[in-house]
Amino acid sequence: MKTGPTTIRRRHLLAAAAGGVAIAALPRAAGAEMQPATTEAIRKVTGGKTPQEGRVTLRLPPIAENGNTVPVTVSVDSPMTAADHVKTVHLFADRNPTPDVATFHFTPAMGRAQADTRMRLGQTQDVIAVAEMSDGSLWMGRTEVKVTIGGCGG
Amino acid sequence: MAAPIGQPRVRLPAQVRAGEVIEIRTLISHAMETGQRRDQQGNVIPRDIIKRFVARFEGEQVFAMDLAPAISANPYIAFPFKAEKPGTFEFTWTNDAGEERKATAELKLA
């Protein structure tokens, strides 16, 4: 008789723990946890549509010693044909003084959906890319960069 | 008012086969003044950046980029291109004042 309540209590605890994990993991997956200025900048380019997670890959060093010049490669999974290609890729830095970094305009002539540049990061933060496809669908990728020395001047 | 746009540099691979996707690398000297910095008197140093880059092949736009002050000084821009035929690339960098700097490069196929 004594084991019953104990088991239930343990189950409750496990369920609560699992629920807690799910809640903690959700905002990042759903693209929340962004600065209001970033959310607004993304809304401006998407017209309010929520981009889907995936297809966009951001390659940056996990730790940037010098925030003045951080190499970044953005690539999108796309065949880059006339019928099916990436039109634009918007790049954002969540915690810079202004979130906008760059907008790339792609064409099928590129053969592959990729661009490389070097960016400034004022502090440790997420870098976010939103891609707009020729069919109008929107895709998003994000990655965190730890910055040792910020790069937005004083 | 605007600082002069520096010398552009463009690099294409030397040996290119038809149908190959190559990488085109560009670099231009420019301070990319953010407009966030102050001088020793405490006055804001006005923003002065390269704000647009366009790459054309045989007159047709193949890649373009709008730059914000978050792009590092001396902007480095690289992008892929599917080499189908020989021809001429023209690259144009434009600053906030609307001044342009151009460079060209020949694509030769092996």
# chains A, B, ... in the order shown; residues from 1 in each chain; ligands from 1
$ residues_around --residues "Met133 in chain A" --least-positions-apart "2" --cutoff "6 Å" --atoms "only C-alpha atoms" --output "number ranges by chain"
A: 85-87, 135-137
$ write_last_selection --atoms "N, CA and C atoms" --output "CSV table (one decimal), in the first residue's frame"
chain,number,residue,atom,x,y,z
A,85,HIS,N,14.9,28.2,-56.8
A,85,HIS,CA,16.1,28.7,-56.3
A,85,HIS,C,15.9,29.7,-55.1
A,86,VAL,N,17.0,30.1,-54.5
A,86,VAL,CA,17.0,31.1,-53.4
A,86,VAL,C,17.0,32.4,-54.0
A,87,LYS,N,16.1,33.3,-53.6
A,87,LYS,CA,16.1,34.7,-54.1
A,87,LYS,C,16.9,35.6,-53.2
A,135,ASP,N,9.7,30.0,-54.6
A,135,ASP,CA,8.3,29.7,-54.4
A,135,ASP,C,7.7,30.5,-53.2
A,136,GLY,N,8.4,31.4,-52.7
A,136,GLY,CA,7.9,32.3,-51.6
A,136,GLY,C,8.1,31.8,-50.2
A,137,SER,N,8.5,30.5,-50.1
A,137,SER,CA,8.7,29.9,-48.7
A,137,SER,C,9.9,30.6,-48.0
$ interface_residues --of "chain A" --to "chain B" --cutoff "12 Å" --atoms "only C-alpha atoms" --output "CSV table (one decimal) with C-alpha atoms, in the first residue's frame"
chain,number,residue,atom,x,y,z
A,66,ASN,CA,38.0,39.7,-32.3
A,67,GLY,CA,34.5,40.8,-32.9
A,68,ASN,CA,35.7,43.4,-35.5
A,69,THR,CA,36.1,40.8,-38.2
A,70,VAL,CA,34.2,37.5,-37.9
A,71,PRO,CA,34.1,35.3,-41.0
A,72,VAL,CA,30.6,34.0,-41.9
A,73,THR,CA,29.4,31.6,-44.5
A,74,VAL,CA,25.7,31.3,-45.2
A,75,SER,CA,24.5,28.5,-47.4
A,80,MET,CA,19.4,26.7,-57.7
A,81,THR,CA,17.5,26.1,-61.0
A,86,VAL,CA,17.0,31.1,-53.4
A,87,LYS,CA,16.1,34.7,-54.1
A,88,THR,CA,17.4,36.5,-51.0
A,89,VAL,CA,19.2,35.8,-47.8
A,90,HIS,CA,18.9,38.3,-44.9
A,91,LEU,CA,21.6,38.2,-42.2
A,92,PHE,CA,21.0,39.5,-38.7
A,93,ALA,CA,23.1,39.8,-35.5
A,94,ASP,CA,20.6,39.6,-32.5
A,95,ARG,CA,22.6,41.8,-30.1
A,96,ASN,CA,24.4,44.4,-32.3
A,97,PRO,CA,23.4,48.1,-32.0
A,98,THR,CA,21.2,47.4,-35.1
A,99,PRO,CA,20.4,43.8,-36.1
A,100,ASP,CA,20.8,44.2,-39.8
A,101,VAL,CA,24.0,42.9,-41.3
A,102,ALA,CA,23.5,42.2,-45.0
A,103,THR,CA,21.0,41.1,-47.6
A,104,PHE,CA,22.3,38.8,-50.4
A,105,HIS,CA,20.5,38.6,-53.8
A,106,PHE,CA,21.0,35.2,-55.4
A,107,THR,CA,20.4,34.0,-58.9
A,108,PRO,CA,20.3,30.5,-60.5
A,109,ALA,CA,23.5,31.5,-62.4
A,110,MET,CA,25.4,31.0,-59.1
A,111,GLY,CA,24.9,27.2,-59.3
A,112,ARG,CA,25.0,26.9,-55.5
A,113,ALA,CA,23.3,29.0,-52.8
A,114,GLN,CA,26.2,30.4,-50.8
A,115,ALA,CA,27.8,33.7,-49.7
A,116,ASP,CA,30.9,34.5,-47.6
A,117,THR,CA,31.7,37.8,-45.9
A,118,ARG,CA,33.2,39.1,-42.6
A,119,MET,CA,31.1,40.8,-40.0
A,120,ARG,CA,31.2,42.8,-36.8
A,121,LEU,CA,29.8,41.3,-33.6
A,122,GLY,CA,29.5,43.7,-30.6
A,127,VAL,CA,23.6,35.2,-35.8
A,150,GLY,CA,33.4,43.3,-29.1
A,151,GLY,CA,33.7,44.9,-32.5
A,152,CYS,CA,31.4,47.9,-32.8
A,153,GLY,CA,33.8,50.6,-31.9
A,154,GLY,CA,33.3,52.7,-28.8
$ residues_around --residues "Thr46 in chain A" --least-positions-apart "5" --cutoff "9 Å" --atoms "only C-alpha atoms" --output "count of residues only"
5
$ select_by_dssp --residues "chain B" --states "strand (DSSP E)" --output "count of residues only"
52
$ closest_residue --among "B:Asn95, B:Ser29, B:Thr88, B:Asn43" --to "Arg9 in chain B" --atoms "only C-alpha atoms"
B:Ser29
